[in-house]
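Here's the structure, in structure tokens; my notes come after.
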Amino acid sequence: MARTGADEAGPRHVAIIMDGNGRWAQSRGRPRLFGHHAGARRVREIVEACPDLGVSYLTIFAFSTENWKRTQTEVAGLMSLFRRYIMKEMQDFVREDVRVRFIGDRYRLEPRLRELMEEAEAMTTHCARLNLTIAINYGGRDEVARATRRLARDVAEGRLDPETVDEQTLPRYLDTRVLPDPDLVIRTSGEARISNFLLWQSAYSEYEFIDTLWPDFTREVFASVLAQYSTRERRFGAVTA
Ligand code: FPP
């Protein structure tokens with residue numbers, strides 16, 4: 001069946017819930033952080049693959065507002081991995097023309113990580129080949145609550161007329177305000193949940209839940225998921241002849 005979306009060649013914006021690092025490590029008798037490190041190497045591979053596969057926006061879920069409930073060792077290990085990842089990749093992003101952005105509530109993150117995030121964003125503002133958005137301390141409900149708080153402040157201070165608030169207004173207050181909505185959301189590891197990811201933005205996204213654990217998610221697996229998307233018809237609620 002032909003798709004009715006504007007993006008005939010494939011999804012322009014892909015969002016990924018990278019799940020299964022812990023199980024991947026445990027099945028090898030290794031600590032969970034070993035799986036997260038393997039997961040970080042896959043992020044690099046998928047970032048590299050995107051431009052060749054026609055994807056110009058990639059949004060990845062690295063740490064949710066609920067992930068603080070993991071052990072202190074795992075949380076600290078992930079924060080250290082994010083710091084090292086940004087430090088290591090920053091120059092490569094510039095060279096590969098990848099614009100990096102972060103979404104989520106960054107004010108709860110340690111100052112050093114926040115600084116690195118800001119540095120990576122500033123260093124890549126001119127980059128345009130791929131828009132990579134990394135969600136850290138991100139939760140869809142938290143994002144909508146923070147957006148609503150800012151919107152309410154604008155109403156209270158007379159900058160916004162409440163009678164004009166419609167579906168186009170709230171997205172201007174979301175962390176994703178400059179991004180298009182995702183065409184496709186992929187979740188790895190066999191779980192069929194959205195876990196508070198891009199709740200507002202994915203209203204009309206296609207979903208692919210695949211069994212592969214994130215550290216096994218190769219460029220080839222990615223290409224096959226995109227090919228599967230291309231066979232779908234996107235109707236956005238409409239009925240065509
Ligand atoms: C979910 O798997 C994964 C995470 C909570 C962390 C995602 C982080 C990475 C892929 C690391 C690299 C990311 C960047 C941006 C450098 P899980 O631990 O819940 O796996 P499980 O369900 O098997 O326990």
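Ordering of the structure tokens sets the chain letters (A, B, ...); residue numbers start at 1 within each chain; ligands are numbered from 1 in the order shown.
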Test item: residues at most 12 Å from A:Asn67, only C-alpha atoms, excluding those fewer than 2 positions along its chain, as a CSV table (one decimal) with N, CA, C and O atoms, in the first residue's frame:
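Produced file result_12.csv, reproduced below:
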```
chain,number,residue,atom,x,y,z
A,61,PHE,N,16.6,8.1,23.4
A,61,PHE,CA,16.2,8.1,24.8
A,61,PHE,C,17.3,7.5,25.6
A,61,PHE,O,17.5,6.3,25.7
A,62,ALA,N,18.1,8.4,26.3
A,62,ALA,CA,19.3,7.9,27.0
A,62,ALA,C,19.0,7.7,28.5
A,62,ALA,O,19.6,6.8,29.1
A,63,PHE,N,18.2,8.6,29.1
A,63,PHE,CA,17.9,8.5,30.5
A,63,PHE,C,16.6,9.1,30.8
A,63,PHE,O,16.4,10.3,30.5
A,64,SER,N,15.7,8.4,31.5
A,64,SER,CA,14.4,8.9,31.7
A,64,SER,C,14.3,9.5,33.1
A,64,SER,O,15.1,9.2,34.0
A,65,THR,N,13.2,10.3,33.3
A,65,THR,CA,13.0,10.8,34.7
A,65,THR,C,12.8,9.7,35.7
A,65,THR,O,12.9,10.0,36.9
A,69,LYS,N,15.6,5.9,39.7
A,69,LYS,CA,15.3,4.8,40.7
A,69,LYS,C,16.2,3.6,40.6
A,69,LYS,O,16.0,2.7,41.3
A,70,ARG,N,17.2,3.6,39.6
A,70,ARG,CA,18.1,2.5,39.5
A,70,ARG,C,19.2,2.6,40.6
A,70,ARG,O,19.2,3.6,41.3
A,71,THR,N,20.0,1.6,40.8
A,71,THR,CA,21.0,1.7,41.9
A,71,THR,C,21.9,2.9,41.6
A,71,THR,O,22.1,3.4,40.5
A,72,GLN,N,22.5,3.4,42.7
A,72,GLN,CA,23.4,4.5,42.7
A,72,GLN,C,24.6,4.2,41.7
A,72,GLN,O,25.0,5.1,41.0
A,74,GLU,N,24.6,2.2,39.1
A,74,GLU,CA,24.2,2.3,37.7
A,74,GLU,C,24.0,3.8,37.2
A,74,GLU,O,24.4,4.2,36.2
A,75,VAL,N,23.3,4.6,38.1
A,75,VAL,CA,23.1,6.0,37.8
A,75,VAL,C,24.4,6.7,37.6
A,75,VAL,O,24.6,7.4,36.6
A,76,ALA,N,25.3,6.5,38.5
A,76,ALA,CA,26.6,7.2,38.5
A,76,ALA,C,27.4,6.7,37.2
A,76,ALA,O,28.0,7.5,36.5
A,78,LEU,N,26.1,5.6,34.4
A,78,LEU,CA,25.5,6.2,33.2
A,78,LEU,C,25.9,7.7,33.0
A,78,LEU,O,26.3,8.1,32.0
A,79,MET,N,25.9,8.4,34.2
A,79,MET,CA,26.3,9.9,34.1
A,79,MET,C,27.7,10.0,33.6
A,79,MET,O,28.0,10.8,32.8
A,136,ILE,N,18.0,13.3,28.0
A,136,ILE,CA,18.6,12.9,29.3
A,136,ILE,C,17.8,13.5,30.4
A,136,ILE,O,17.5,14.7,30.3
A,137,ASN,N,17.5,12.8,31.4
A,137,ASN,CA,16.5,13.2,32.4
A,137,ASN,C,15.2,13.7,31.7
A,137,ASN,O,14.7,14.8,32.0
A,138,TYR,N,14.8,12.9,30.8
A,138,TYR,CA,13.6,13.3,30.0
A,138,TYR,C,12.4,12.4,30.4
A,138,TYR,O,12.5,11.2,30.5
A,139,GLY,N,11.2,13.1,30.5
A,139,GLY,CA,10.0,12.3,30.7
A,139,GLY,C,8.9,13.2,29.9
A,139,GLY,O,8.9,14.4,30.1
A,195,SER,N,6.8,4.2,27.5
A,195,SER,CA,7.6,4.7,28.7
A,195,SER,C,7.8,6.2,28.8
A,195,SER,O,8.9,6.6,29.0
A,196,ASN,N,6.8,6.9,28.5
A,196,ASN,CA,6.8,8.4,28.8
A,196,ASN,C,7.8,9.1,27.8
A,196,ASN,O,8.3,10.2,28.1
```
Would you mind listing what lies within 8 Å of stretch 90-104 of chain A as a PyMOL selection string, with only C-alpha atoms counted and same-chain residues fewer than 4 positions away left out?
chain A and resi 86+117+120-121+123-139+143+175-176
Go ahead and write the selection's residues with N, CA and C atoms as a PDB file, in the first residue's frame.
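Contents of result_25.pdb, freshly written:
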```pdb
ATOM      1  N   ILE A  86      30.183  12.484  25.432  1.00  0.00           N
ATOM      2  CA  ILE A  86      30.120  13.822  24.833  1.00  0.00           C
ATOM      3  C   ILE A  86      31.538  14.335  24.581  1.00  0.00           C
ATOM      4  N   MET A 117      27.093  19.371  27.866  1.00  0.00           N
ATOM      5  CA  MET A 117      25.926  19.375  26.979  1.00  0.00           C
ATOM      6  C   MET A 117      25.819  20.732  26.285  1.00  0.00           C
ATOM      7  N   ALA A 120      28.570  21.100  23.669  1.00  0.00           N
ATOM      8  CA  ALA A 120      28.295  20.320  22.445  1.00  0.00           C
ATOM      9  C   ALA A 120      27.221  21.024  21.612  1.00  0.00           C
ATOM     10  N   GLU A 121      26.217  21.565  22.266  1.00  0.00           N
ATOM     11  CA  GLU A 121      25.163  22.280  21.524  1.00  0.00           C
ATOM     12  C   GLU A 121      25.741  23.515  20.832  1.00  0.00           C
ATOM     13  N   MET A 123      28.891  24.142  20.032  1.00  0.00           N
ATOM     14  CA  MET A 123      29.895  23.830  18.996  1.00  0.00           C
ATOM     15  C   MET A 123      29.292  23.337  17.695  1.00  0.00           C
ATOM     16  N   THR A 124      28.051  22.838  17.761  1.00  0.00           N
ATOM     17  CA  THR A 124      27.463  22.227  16.562  1.00  0.00           C
ATOM     18  C   THR A 124      26.278  23.025  15.997  1.00  0.00           C
ATOM     19  N   THR A 125      26.105  24.258  16.435  1.00  0.00           N
ATOM     20  CA  THR A 125      24.913  25.015  15.961  1.00  0.00           C
ATOM     21  C   THR A 125      24.908  25.180  14.437  1.00  0.00           C
ATOM     22  N   HIS A 126      26.106  25.173  13.816  1.00  0.00           N
ATOM     23  CA  HIS A 126      26.159  25.381  12.366  1.00  0.00           C
ATOM     24  C   HIS A 126      26.014  24.067  11.601  1.00  0.00           C
ATOM     25  N   CYS A 127      25.944  22.935  12.290  1.00  0.00           N
ATOM     26  CA  CYS A 127      25.941  21.628  11.609  1.00  0.00           C
ATOM     27  C   CYS A 127      24.523  21.289  11.125  1.00  0.00           C
ATOM     28  N   ALA A 128      24.456  20.588   9.988  1.00  0.00           N
ATOM     29  CA  ALA A 128      23.121  20.397   9.401  1.00  0.00           C
ATOM     30  C   ALA A 128      22.881  19.035   8.743  1.00  0.00           C
ATOM     31  N   ARG A 129      23.901  18.167   8.703  1.00  0.00           N
ATOM     32  CA  ARG A 129      23.700  16.900   7.977  1.00  0.00           C
ATOM     33  C   ARG A 129      22.751  15.980   8.747  1.00  0.00           C
ATOM     34  N   LEU A 130      22.900  15.993  10.066  1.00  0.00           N
ATOM     35  CA  LEU A 130      21.991  15.205  10.914  1.00  0.00           C
ATOM     36  C   LEU A 130      21.687  16.008  12.166  1.00  0.00           C
ATOM     37  N   ASN A 131      20.428  15.983  12.594  1.00  0.00           N
ATOM     38  CA  ASN A 131      20.028  16.599  13.863  1.00  0.00           C
ATOM     39  C   ASN A 131      19.886  15.486  14.887  1.00  0.00           C
ATOM     40  N   LEU A 132      20.855  15.415  15.786  1.00  0.00           N
ATOM     41  CA  LEU A 132      20.833  14.371  16.811  1.00  0.00           C
ATOM     42  C   LEU A 132      20.332  14.981  18.118  1.00  0.00           C
ATOM     43  N   THR A 133      19.256  14.425  18.646  1.00  0.00           N
ATOM     44  CA  THR A 133      18.723  14.922  19.915  1.00  0.00           C
ATOM     45  C   THR A 133      18.816  13.804  20.938  1.00  0.00           C
ATOM     46  N   ILE A 134      19.472  14.110  22.051  1.00  0.00           N
ATOM     47  CA  ILE A 134      19.673  13.093  23.085  1.00  0.00           C
ATOM     48  C   ILE A 134      18.815  13.479  24.298  1.00  0.00           C
ATOM     49  N   ALA A 135      17.942  12.558  24.691  1.00  0.00           N
ATOM     50  CA  ALA A 135      17.044  12.820  25.825  1.00  0.00           C
ATOM     51  C   ALA A 135      17.694  12.322  27.113  1.00  0.00           C
ATOM     52  N   ILE A 136      18.016  13.251  28.001  1.00  0.00           N
ATOM     53  CA  ILE A 136      18.632  12.884  29.290  1.00  0.00           C
ATOM     54  C   ILE A 136      17.817  13.546  30.403  1.00  0.00           C
ATOM     55  N   ASN A 137      17.458  12.763  31.398  1.00  0.00           N
ATOM     56  CA  ASN A 137      16.485  13.191  32.421  1.00  0.00           C
ATOM     57  C   ASN A 137      15.233  13.725  31.728  1.00  0.00           C
ATOM     58  N   TYR A 138      14.765  12.939  30.786  1.00  0.00           N
ATOM     59  CA  TYR A 138      13.583  13.305  29.996  1.00  0.00           C
ATOM     60  C   TYR A 138      12.392  12.427  30.385  1.00  0.00           C
ATOM     61  N   GLY A 139      11.235  13.065  30.505  1.00  0.00           N
ATOM     62  CA  GLY A 139       9.975  12.346  30.665  1.00  0.00           C
ATOM     63  C   GLY A 139       8.931  13.174  29.931  1.00  0.00           C
ATOM     64  N   GLU A 143       7.936  16.996  30.669  1.00  0.00           N
ATOM     65  CA  GLU A 143       8.121  18.018  29.635  1.00  0.00           C
ATOM     66  C   GLU A 143       6.835  18.840  29.455  1.00  0.00           C
ATOM     67  N   ASP A 175      10.333  21.028  24.938  1.00  0.00           N
ATOM     68  CA  ASP A 175      11.786  20.974  24.713  1.00  0.00           C
ATOM     69  C   ASP A 175      12.090  20.777  23.228  1.00  0.00           C
ATOM     70  N   THR A 176      11.166  20.149  22.526  1.00  0.00           N
ATOM     71  CA  THR A 176      11.376  19.781  21.117  1.00  0.00           C
ATOM     72  C   THR A 176      10.912  20.875  20.157  1.00  0.00           C
TER      73      THR A 176
END
```
Please report as JSON lines every residue of chain A lying within 7 Å of ligand 1, along with the nearest atom pair and their distance in Å (one decimal), using only C-alpha atoms and all ligand atoms.
```
{"residue": "A:Met18", "atom": "CA", "partner": "ligand 1", "partner_atom_place_in_ligand_line": "3 (C)", "distance": 5.4}
{"residue": "A:Asp19", "atom": "CA", "partner": "ligand 1", "partner_atom_place_in_ligand_line": "2 (O)", "distance": 3.8}
{"residue": "A:Gly20", "atom": "CA", "partner": "ligand 1", "partner_atom_place_in_ligand_line": "23 (O)", "distance": 3.3}
{"residue": "A:Asn21", "atom": "CA", "partner": "ligand 1", "partner_atom_place_in_ligand_line": "20 (O)", "distance": 4.1}
{"residue": "A:Gly22", "atom": "CA", "partner": "ligand 1", "partner_atom_place_in_ligand_line": "23 (O)", "distance": 3.7}
{"residue": "A:Arg23", "atom": "CA", "partner": "ligand 1", "partner_atom_place_in_ligand_line": "23 (O)", "distance": 3.6}
{"residue": "A:Trp24", "atom": "CA", "partner": "ligand 1", "partner_atom_place_in_ligand_line": "23 (O)", "distance": 6.2}
{"residue": "A:Arg32", "atom": "CA", "partner": "ligand 1", "partner_atom_place_in_ligand_line": "18 (O)", "distance": 6.7}
{"residue": "A:His36", "atom": "CA", "partner": "ligand 1", "partner_atom_place_in_ligand_line": "11 (C)", "distance": 4.5}
{"residue": "A:His37", "atom": "CA", "partner": "ligand 1", "partner_atom_place_in_ligand_line": "11 (C)", "distance": 6.1}
{"residue": "A:Gly39", "atom": "CA", "partner": "ligand 1", "partner_atom_place_in_ligand_line": "10 (C)", "distance": 4.1}
{"residue": "A:Ala40", "atom": "CA", "partner": "ligand 1", "partner_atom_place_in_ligand_line": "12 (C)", "distance": 3.6}
{"residue": "A:Val43", "atom": "CA", "partner": "ligand 1", "partner_atom_place_in_ligand_line": "14 (C)", "distance": 6.4}
{"residue": "A:Phe61", "atom": "CA", "partner": "ligand 1", "partner_atom_place_in_ligand_line": "7 (C)", "distance": 6.6}
{"residue": "A:Ala62", "atom": "CA", "partner": "ligand 1", "partner_atom_place_in_ligand_line": "7 (C)", "distance": 4.1}
{"residue": "A:Phe63", "atom": "CA", "partner": "ligand 1", "partner_atom_place_in_ligand_line": "5 (C)", "distance": 5.3}
{"residue": "A:Asn67", "atom": "CA", "partner": "ligand 1", "partner_atom_place_in_ligand_line": "5 (C)", "distance": 6.4}
{"residue": "A:Leu81", "atom": "CA", "partner": "ligand 1", "partner_atom_place_in_ligand_line": "16 (C)", "distance": 6.3}
{"residue": "A:Phe82", "atom": "CA", "partner": "ligand 1", "partner_atom_place_in_ligand_line": "16 (C)", "distance": 5.1}
{"residue": "A:Tyr85", "atom": "CA", "partner": "ligand 1", "partner_atom_place_in_ligand_line": "16 (C)", "distance": 5.3}
{"residue": "A:Ile134", "atom": "CA", "partner": "ligand 1", "partner_atom_place_in_ligand_line": "15 (C)", "distance": 6.1}
{"residue": "A:Trp214", "atom": "CA", "partner": "ligand 1", "partner_atom_place_in_ligand_line": "10 (C)", "distance": 7.0}
```
| said: Report as a PyMOL selection string all protein, DNA and RNA residues lying within 12 Å of A:Asp154, evaluated on only C-alpha atoms, omitting residues in the same chain fewer than 6 positions from it. | reply: chain A and resi 147-148+160-162+165+169-170+173
With N, CA and C atoms retained, export the selected residues as a PDB file, in the first residue's frame.
```pdb
ATOM      1  N   ALA A 147       6.378  22.747  30.248  1.00  0.00           N
ATOM      2  CA  ALA A 147       5.885  23.622  29.177  1.00  0.00           C
ATOM      3  C   ALA A 147       4.666  24.404  29.667  1.00  0.00           C
ATOM      4  N   THR A 148       3.783  23.698  30.367  1.00  0.00           N
ATOM      5  CA  THR A 148       2.556  24.347  30.855  1.00  0.00           C
ATOM      6  C   THR A 148       2.896  25.442  31.860  1.00  0.00           C
ATOM      7  N   LEU A 160       0.581  36.265  26.699  1.00  0.00           N
ATOM      8  CA  LEU A 160      -0.193  35.288  25.924  1.00  0.00           C
ATOM      9  C   LEU A 160      -1.661  35.392  26.316  1.00  0.00           C
ATOM     10  N   ASP A 161      -2.532  35.490  25.279  1.00  0.00           N
ATOM     11  CA  ASP A 161      -3.978  35.553  25.518  1.00  0.00           C
ATOM     12  C   ASP A 161      -4.487  34.109  25.620  1.00  0.00           C
ATOM     13  N   PRO A 162      -5.049  33.693  26.774  1.00  0.00           N
ATOM     14  CA  PRO A 162      -5.471  32.295  26.927  1.00  0.00           C
ATOM     15  C   PRO A 162      -6.472  31.852  25.867  1.00  0.00           C
ATOM     16  N   VAL A 165      -4.935  29.984  22.890  1.00  0.00           N
ATOM     17  CA  VAL A 165      -4.183  28.729  23.072  1.00  0.00           C
ATOM     18  C   VAL A 165      -4.863  27.598  22.302  1.00  0.00           C
ATOM     19  N   THR A 169      -0.019  25.973  20.050  1.00  0.00           N
ATOM     20  CA  THR A 169       0.624  26.788  21.087  1.00  0.00           C
ATOM     21  C   THR A 169       1.550  25.955  21.968  1.00  0.00           C
ATOM     22  N   LEU A 170       1.052  24.849  22.503  1.00  0.00           N
ATOM     23  CA  LEU A 170       1.859  24.074  23.458  1.00  0.00           C
ATOM     24  C   LEU A 170       3.198  23.608  22.872  1.00  0.00           C
ATOM     25  N   TYR A 173       6.296  25.493  23.491  1.00  0.00           N
ATOM     26  CA  TYR A 173       6.869  25.524  24.835  1.00  0.00           C
ATOM     27  C   TYR A 173       7.584  24.212  25.188  1.00  0.00           C
TER      28      TYR A 173
END
```
If I take atom CA of A:Ala122 and atom CA of A:Arg44, how far is one from the other in Å, to one decimal?
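Between these atoms lies a distance of 20.0 Å.
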Apply DSSP to the structure's backbone, then extract all residues of stretch 85-235 of chain A labelled strand (DSSP E) and return them as an MDAnalysis selection string.
chainID A and resid 98:103 130:138 184:187 206:209
Worksheet entry | Counting only C-alpha atoms, the residue of A:Glu191, A:Glu115, A:Glu163, A:Asp105 that sits nearest A:Glu208 |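 The shortest atom-to-atom distance to A:Glu208 comes from A:Glu191.
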Quick check, in Å to one decimal: how far apart do atom CA of A:Gln201 and atom CA of A:Pro180 lie?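 We find that atom CA of A:Gln201 and atom CA of A:Pro180 lie 8.3 Å from each other.
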Could you write out, as an MDAnalysis selection string, all the residues of stretch 7-233 of chain A that DSSP marks as helix (DSSP H, G or I)?
-> chainID A and resid 21:26 32:52 67:69 72:95 106:108 111:123 140:156 162:164 170:173 214:216 219:230
Quiz item: So, counting only C-alpha atoms, which residue among A:Leu116, A:Ile60, A:Ile194, A:Val221 is closest to A:Lys88?
Solution: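 Looking only at the distances to A:Lys88, the closest residue turns out to be A:Leu116.
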Would you write out, as a Markdown table, a table of all residues in stretch 22-46 of chain A that have an atom no more than 12 Å from an atom of stretch 222-232 of chain A, listing for each the closest atom pair and the distance in Å to one decimal, considering only C-alpha atoms and ordering rows by chain and rising residue number?
```
| residue | atom | partner | partner_atom | distance |
| --- | --- | --- | --- | --- |
| A:Arg42 | CA | A:Phe222 | CA | 10.7 |
| A:Val43 | CA | A:Phe222 | CA | 11.4 |
| A:Glu45 | CA | A:Phe222 | CA | 10.1 |
| A:Ile46 | CA | A:Phe222 | CA | 7.6 |
```
Selected residues written out with C-alpha atoms, as a tab-separated table (two decimals), in the first residue's frame:
```tsv
chain	number	residue	atom	x	y	z
A	42	ARG	CA	25.77	1.30	18.76
A	43	VAL	CA	24.72	4.93	19.11
A	45	GLU	CA	27.06	3.31	14.43
A	46	ILE	CA	23.44	4.44	14.08
```
The distance between atom CA of A:Ser202 and atom CA of A:Arg146 is 18.0 Å
